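Worksheet: one structure, shown below.
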Amino acid sequence: MSSNSRTVRRKPRLSSVSRSTNLSTSSSITVAETARSSADVRASTSEKKAKPLPPPPKSLLFRFHQQGFNTMVLYAADSTAHYHVTVCMNCFIPSSFITVVRRQHERGEFVSSFEMGISTQRATVNVRGMEKPLDTILSRTGRKSDDRIWQWRWDDEPGHILGWHRDTPVRYCYALDKAGSPIGPIVAAFVVSPPAAEVREGPPHRPTLKIFPDGVHIMDHIVTSALVVERKRLTPSPMAMNSIFN
């Protein structure tokens with residue numbers, strides 16, 4: 001072959017050019033979509049981080065106000081009604097009374113109820129439609145009043161096992177574990193009315209119930225157990241039947 005011969009360059013086939021162009025175009029689209037997806041993820045993440053955390057719960061102080069002959073309302077410090085409590089007689093057993101707790105007013109959402117009195121039937125408690133015998137969920141430990149603890153065990157769910165410890169005139173409420181030992185800080189404090197012998201002239205003392213931050217989410221059980229324990233505390237024991245009438 002002579003030195004004057006020139007190197008012949010073959011033209012690329014159209015199919016090869018088209019395939020190369022398609023690959024380049026698809027790669028560009030994929031890179032763009034990936035970048036856009038990454039930007040969306042970063043934007044979504046930043047939005048999630050930007051949302052402020054909910055404020056921690058605050059303590060709530062309720063005062064018991066008697067309204068009528070069979071009704072009392074638990075008011076907060078801002079005069080908002082939180083719980084409405086009524087007591088009515090069982091017409092079949094006139095010596096047995098039913099206490100009903102509802103939210104805010106007499107037609108509010110049902111929270112709980114319990115029936116106790118002079119009857120051959122067992123006392124019962126109903127929380128959100130589930131009824132149980134009282135003696136299966138409420139027990140008392142300690143012989144001396146200073147060591148006495150009323151234990152409320154609705155079930156084994158966290159916060160549904162409570163202990164009320166008497167420290168006159170305050171009853172402190174603790175969350176208990178399954179073994180009955182206190183766990184965590186105080187969840188509530190119930191200040192009862194003073195005994196009749198200590199009543200003095202002046203404005204009447206209204207019982208109060210303070211719910212601490214760790215007790216806000218179990219407030220229904222705290223209110224119900226406080227009412228039941230106070231009813232049991234004021235009920236004469238079989239040894240004191242002679243003084244059943246005041």
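In the structure tokens, each chain is lettered A, B, ... as it comes, each chain's residues begin at 1, and ligands are numbered from 1 in order of appearance.
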Who sits within 10 Å of range 126-135 of chain A, only C-alpha atoms, same chain under 4 positions skipped, as JSON, numbers by chain:
{"A": [100, 101, 109, 110, 111, 112, 113, 114, 115, 116, 121, 122, 139, 152, 154, 220, 221, 224, 228]}
Deliver the residues from the most recent selection as a file, using N, CA and C atoms, as a short mmCIF file (atom, residue, chain, number, x, y, z; two decimals), in the first residue's frame.
```cif
data_model
loop_
_atom_site.label_atom_id
_atom_site.label_comp_id
_atom_site.auth_asym_id
_atom_site.auth_seq_id
_atom_site.Cartn_x
_atom_site.Cartn_y
_atom_site.Cartn_z
N VAL A 100 -72.18 8.70 89.54
CA VAL A 100 -71.87 8.74 88.11
C VAL A 100 -70.97 9.95 87.83
N VAL A 101 -69.87 9.71 87.12
CA VAL A 101 -68.92 10.77 86.76
C VAL A 101 -68.97 10.97 85.25
N GLU A 109 -69.67 13.23 78.28
CA GLU A 109 -69.19 11.86 78.04
C GLU A 109 -69.08 11.08 79.35
N PHE A 110 -69.56 9.85 79.32
CA PHE A 110 -69.50 9.00 80.51
C PHE A 110 -68.05 8.63 80.81
N VAL A 111 -67.65 8.81 82.08
CA VAL A 111 -66.30 8.46 82.53
C VAL A 111 -66.34 7.20 83.38
N SER A 112 -67.14 7.21 84.43
CA SER A 112 -67.18 6.07 85.34
C SER A 112 -68.40 6.16 86.23
N SER A 113 -68.65 5.06 86.96
CA SER A 113 -69.70 5.03 87.97
C SER A 113 -69.39 3.93 88.97
N PHE A 114 -69.95 4.04 90.13
CA PHE A 114 -69.82 2.96 91.13
C PHE A 114 -71.04 2.96 92.02
N GLU A 115 -71.39 1.78 92.50
CA GLU A 115 -72.54 1.62 93.39
C GLU A 115 -72.10 0.97 94.68
N MET A 116 -72.45 1.61 95.79
CA MET A 116 -72.12 1.12 97.12
C MET A 116 -73.29 1.43 98.05
N GLN A 121 -75.78 -7.32 97.73
CA GLN A 121 -75.04 -7.41 96.48
C GLN A 121 -73.65 -6.79 96.64
N ARG A 122 -72.71 -7.26 95.83
CA ARG A 122 -71.35 -6.73 95.87
C ARG A 122 -71.31 -5.33 95.25
N SER A 139 -58.09 -2.59 97.40
CA SER A 139 -57.67 -3.30 98.61
C SER A 139 -56.96 -2.31 99.53
N TRP A 152 -55.54 0.78 94.20
CA TRP A 152 -56.49 0.71 93.10
C TRP A 152 -55.81 -0.02 91.95
N TRP A 154 -56.98 -1.46 88.54
CA TRP A 154 -58.01 -1.70 87.53
C TRP A 154 -57.56 -2.81 86.58
N ASP A 220 -58.71 10.26 84.66
CA ASP A 220 -60.00 9.60 84.90
C ASP A 220 -59.90 8.58 86.03
N HIS A 221 -58.84 7.80 86.04
CA HIS A 221 -58.65 6.80 87.09
C HIS A 221 -58.35 7.46 88.44
N THR A 224 -61.78 8.90 89.73
CA THR A 224 -62.68 7.82 90.14
C THR A 224 -62.19 7.14 91.41
N VAL A 228 -63.99 6.85 95.19
CA VAL A 228 -64.28 5.54 95.78
C VAL A 228 -63.58 5.40 97.13
#
```
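CA of Pro158 in chain A to CA of Ile218 in chain A spans 9.3 Å [interatomic distance, one decimal].
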Just asking: which residues within range 105-145 of chain A are strand (DSSP E or B) according to DSSP, as number ranges by chain?
A: 110-117, 124-127, 130-133, 138-141
Just the selected residues (all heavy atoms), exported as a short mmCIF file (atom, residue, chain, number, x, y, z; two decimals), in the first residue's frame, please.
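Contents of the output file result_11.cif:
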```
data_model
loop_
_atom_site.label_atom_id
_atom_site.label_comp_id
_atom_site.auth_asym_id
_atom_site.auth_seq_id
_atom_site.Cartn_x
_atom_site.Cartn_y
_atom_site.Cartn_z
N PHE A 110 -69.56 9.85 79.32
CA PHE A 110 -69.50 9.00 80.51
C PHE A 110 -68.05 8.63 80.81
O PHE A 110 -67.30 8.21 79.94
CB PHE A 110 -70.32 7.72 80.30
CG PHE A 110 -70.20 6.72 81.41
CD1 PHE A 110 -70.95 6.85 82.56
CD2 PHE A 110 -69.33 5.65 81.31
CE1 PHE A 110 -70.85 5.92 83.60
CE2 PHE A 110 -69.21 4.71 82.33
CZ PHE A 110 -69.98 4.85 83.48
N VAL A 111 -67.65 8.81 82.08
CA VAL A 111 -66.30 8.46 82.53
C VAL A 111 -66.34 7.20 83.38
O VAL A 111 -65.64 6.21 83.08
CB VAL A 111 -65.66 9.62 83.33
CG1 VAL A 111 -64.30 9.20 83.90
CG2 VAL A 111 -65.51 10.85 82.44
N SER A 112 -67.14 7.21 84.43
CA SER A 112 -67.18 6.07 85.34
C SER A 112 -68.40 6.16 86.23
O SER A 112 -69.09 7.18 86.28
CB SER A 112 -65.91 6.01 86.20
OG SER A 112 -65.81 7.19 87.00
N SER A 113 -68.65 5.06 86.96
CA SER A 113 -69.70 5.03 87.97
C SER A 113 -69.39 3.93 88.97
O SER A 113 -68.61 3.02 88.67
CB SER A 113 -71.08 4.79 87.33
OG SER A 113 -71.15 3.48 86.78
N PHE A 114 -69.95 4.04 90.13
CA PHE A 114 -69.82 2.96 91.13
C PHE A 114 -71.04 2.96 92.02
O PHE A 114 -71.67 4.00 92.24
CB PHE A 114 -68.53 3.11 91.94
CG PHE A 114 -68.37 4.41 92.69
CD1 PHE A 114 -68.83 4.55 93.99
CD2 PHE A 114 -67.75 5.49 92.09
CE1 PHE A 114 -68.67 5.74 94.69
CE2 PHE A 114 -67.59 6.68 92.76
CZ PHE A 114 -68.04 6.81 94.07
N GLU A 115 -71.39 1.78 92.50
CA GLU A 115 -72.54 1.62 93.39
C GLU A 115 -72.10 0.97 94.68
O GLU A 115 -71.46 -0.08 94.69
CB GLU A 115 -73.64 0.78 92.74
CG GLU A 115 -74.87 0.62 93.64
CD GLU A 115 -76.03 -0.07 92.96
OE1 GLU A 115 -75.91 -0.41 91.77
OE2 GLU A 115 -77.07 -0.29 93.64
N MET A 116 -72.45 1.61 95.79
CA MET A 116 -72.12 1.12 97.12
C MET A 116 -73.29 1.43 98.05
O MET A 116 -74.07 2.34 97.80
CB MET A 116 -70.83 1.78 97.65
CG MET A 116 -69.61 1.53 96.79
SD MET A 116 -68.20 2.59 97.24
CE MET A 116 -67.97 2.12 98.95
N GLY A 117 -73.38 0.68 99.13
CA GLY A 117 -74.43 0.93 100.11
C GLY A 117 -74.68 -0.28 100.98
O GLY A 117 -73.88 -1.23 101.01
N THR A 124 -69.91 -2.41 92.96
CA THR A 124 -69.36 -2.50 91.62
C THR A 124 -68.80 -1.16 91.18
O THR A 124 -69.21 -0.10 91.66
CB THR A 124 -70.42 -2.95 90.59
OG1 THR A 124 -71.53 -2.04 90.63
CG2 THR A 124 -70.91 -4.36 90.90
N VAL A 125 -67.86 -1.22 90.22
CA VAL A 125 -67.27 -0.03 89.61
C VAL A 125 -67.31 -0.21 88.09
O VAL A 125 -67.01 -1.30 87.58
CB VAL A 125 -65.82 0.20 90.07
CG1 VAL A 125 -65.25 1.46 89.41
CG2 VAL A 125 -65.75 0.33 91.57
N ASN A 126 -67.68 0.83 87.39
CA ASN A 126 -67.75 0.80 85.94
C ASN A 126 -66.88 1.94 85.40
O ASN A 126 -67.11 3.11 85.72
CB ASN A 126 -69.19 0.97 85.46
CG ASN A 126 -69.34 0.77 83.96
OD1 ASN A 126 -68.58 1.30 83.17
ND2 ASN A 126 -70.35 0.01 83.57
N VAL A 127 -65.89 1.60 84.60
CA VAL A 127 -65.02 2.60 83.98
C VAL A 127 -65.12 2.44 82.46
O VAL A 127 -64.76 1.39 81.92
CB VAL A 127 -63.56 2.47 84.43
CG1 VAL A 127 -62.66 3.46 83.69
CG2 VAL A 127 -63.44 2.69 85.94
N MET A 130 -66.81 -0.76 81.21
CA MET A 130 -66.33 -2.04 81.76
C MET A 130 -66.63 -2.08 83.26
O MET A 130 -66.15 -1.23 84.01
CB MET A 130 -64.84 -2.21 81.52
CG MET A 130 -64.24 -3.48 82.13
SD MET A 130 -64.85 -5.00 81.37
CE MET A 130 -64.06 -4.90 79.77
N GLU A 131 -67.45 -3.05 83.68
CA GLU A 131 -67.86 -3.15 85.08
C GLU A 131 -67.11 -4.28 85.78
O GLU A 131 -66.95 -5.37 85.23
CB GLU A 131 -69.36 -3.36 85.18
CG GLU A 131 -69.89 -3.31 86.61
CD GLU A 131 -71.41 -3.33 86.67
OE1 GLU A 131 -72.01 -2.24 86.58
OE2 GLU A 131 -71.98 -4.43 86.79
N LYS A 132 -66.68 -4.00 87.02
CA LYS A 132 -65.97 -5.00 87.82
C LYS A 132 -66.42 -4.89 89.27
O LYS A 132 -66.80 -3.80 89.73
CB LYS A 132 -64.45 -4.77 87.75
CG LYS A 132 -63.85 -4.91 86.35
CD LYS A 132 -62.34 -4.72 86.39
CE LYS A 132 -61.74 -4.86 85.00
NZ LYS A 132 -60.26 -4.73 85.03
N PRO A 133 -66.37 -5.99 90.04
CA PRO A 133 -66.66 -5.92 91.47
C PRO A 133 -65.61 -5.07 92.18
O PRO A 133 -64.41 -5.15 91.87
CB PRO A 133 -66.59 -7.38 91.92
CG PRO A 133 -66.78 -8.18 90.69
CD PRO A 133 -66.16 -7.38 89.58
N LEU A 138 -60.00 -2.87 94.52
CA LEU A 138 -59.61 -2.00 95.62
C LEU A 138 -59.27 -2.83 96.85
O LEU A 138 -60.05 -3.68 97.27
CB LEU A 138 -60.73 -1.02 95.96
CG LEU A 138 -60.39 0.06 97.00
CD1 LEU A 138 -59.38 1.05 96.43
CD2 LEU A 138 -61.65 0.79 97.45
N SER A 139 -58.09 -2.59 97.40
CA SER A 139 -57.67 -3.30 98.61
C SER A 139 -56.96 -2.31 99.53
O SER A 139 -56.54 -1.23 99.10
CB SER A 139 -56.74 -4.47 98.26
OG SER A 139 -55.59 -4.01 97.57
N ARG A 140 -56.81 -2.72 100.78
CA ARG A 140 -56.18 -1.85 101.77
C ARG A 140 -55.09 -2.61 102.49
O ARG A 140 -55.27 -3.77 102.88
CB ARG A 140 -57.22 -1.33 102.77
CG ARG A 140 -56.70 -0.28 103.71
CD ARG A 140 -57.81 0.23 104.62
NE ARG A 140 -58.28 -0.80 105.54
CZ ARG A 140 -59.21 -0.62 106.46
NH1 ARG A 140 -59.82 0.57 106.54
NH2 ARG A 140 -59.58 -1.58 107.26
N THR A 141 -53.95 -1.94 102.67
CA THR A 141 -52.83 -2.53 103.40
C THR A 141 -52.46 -1.63 104.57
O THR A 141 -52.73 -0.42 104.54
CB THR A 141 -51.61 -2.71 102.48
OG1 THR A 141 -51.18 -1.41 102.01
CG2 THR A 141 -51.93 -3.58 101.29
#
```
For Gly215 in chain A, the nearest of the candidates A:Gln104, A:Thr120, A:Thr80, A:Ser59, counting only C-alpha atoms
A:Ser59
Give me the residues near Gly180 in chain A as a ChimeraX atom specification, where near means some atom within 10 Å (using only C-alpha atoms) and where sequence neighbours in that chain fewer than 3 positions away do not count.
/A:151-153,161-163,175-177,183
Generate the output file for the selected residues, N, CA, C and O atoms, as a short mmCIF file (atom, residue, chain, number, x, y, z; two decimals), in the first residue's frame.
```
data_model
loop_
_atom_site.label_atom_id
_atom_site.label_comp_id
_atom_site.auth_asym_id
_atom_site.auth_seq_id
_atom_site.Cartn_x
_atom_site.Cartn_y
_atom_site.Cartn_z
N GLN A 151 -55.05 0.56 97.59
CA GLN A 151 -54.49 0.21 96.29
C GLN A 151 -55.61 0.02 95.27
O GLN A 151 -56.51 -0.81 95.46
N TRP A 152 -55.54 0.78 94.20
CA TRP A 152 -56.49 0.71 93.10
C TRP A 152 -55.81 -0.02 91.95
O TRP A 152 -54.85 0.45 91.37
N ARG A 153 -56.31 -1.20 91.60
CA ARG A 153 -55.71 -2.00 90.52
C ARG A 153 -56.81 -2.34 89.51
O ARG A 153 -57.47 -3.37 89.62
N ILE A 161 -52.62 1.19 88.02
CA ILE A 161 -52.39 0.68 89.38
C ILE A 161 -51.95 1.87 90.21
O ILE A 161 -50.86 2.41 90.01
N LEU A 162 -52.79 2.28 91.15
CA LEU A 162 -52.53 3.48 91.94
C LEU A 162 -52.57 3.15 93.42
O LEU A 162 -53.24 2.21 93.84
N GLY A 163 -51.83 3.93 94.19
CA GLY A 163 -51.83 3.78 95.64
C GLY A 163 -52.13 5.12 96.30
O GLY A 163 -51.49 6.13 95.98
N ALA A 175 -48.26 6.20 91.41
CA ALA A 175 -48.37 5.09 90.48
C ALA A 175 -47.59 3.91 91.05
O ALA A 175 -46.50 4.07 91.59
N LEU A 176 -48.15 2.71 90.95
CA LEU A 176 -47.53 1.51 91.49
C LEU A 176 -47.18 0.55 90.36
O LEU A 176 -47.80 0.56 89.29
N ASP A 177 -46.18 -0.30 90.64
CA ASP A 177 -45.88 -1.36 89.68
C ASP A 177 -46.74 -2.58 90.00
O ASP A 177 -47.58 -2.54 90.90
N ILE A 183 -43.74 3.81 91.98
CA ILE A 183 -42.80 4.11 90.91
C ILE A 183 -43.04 5.54 90.45
O ILE A 183 -44.16 5.97 90.25
#
```
Please indicate the distance in Å from CA of Tyr83 in chain A to CA of His217 in chain A, rounded to one decimal place.
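The value is 14.9 Å.
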Determine the nearest neighbour of Val191 in chain A from the options A:Lys58, A:Arg233, A:Lys178, A:Arg166, counting only C-alpha atoms.
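Result for the nearest residue to Val191 in chain A: A:Arg166.
Nearest to Arg171 in chain A of all the residues A:Asp214, A:Glu230, A:Asp155, A:Glu106 is A:Glu230, counting only C-alpha atoms.
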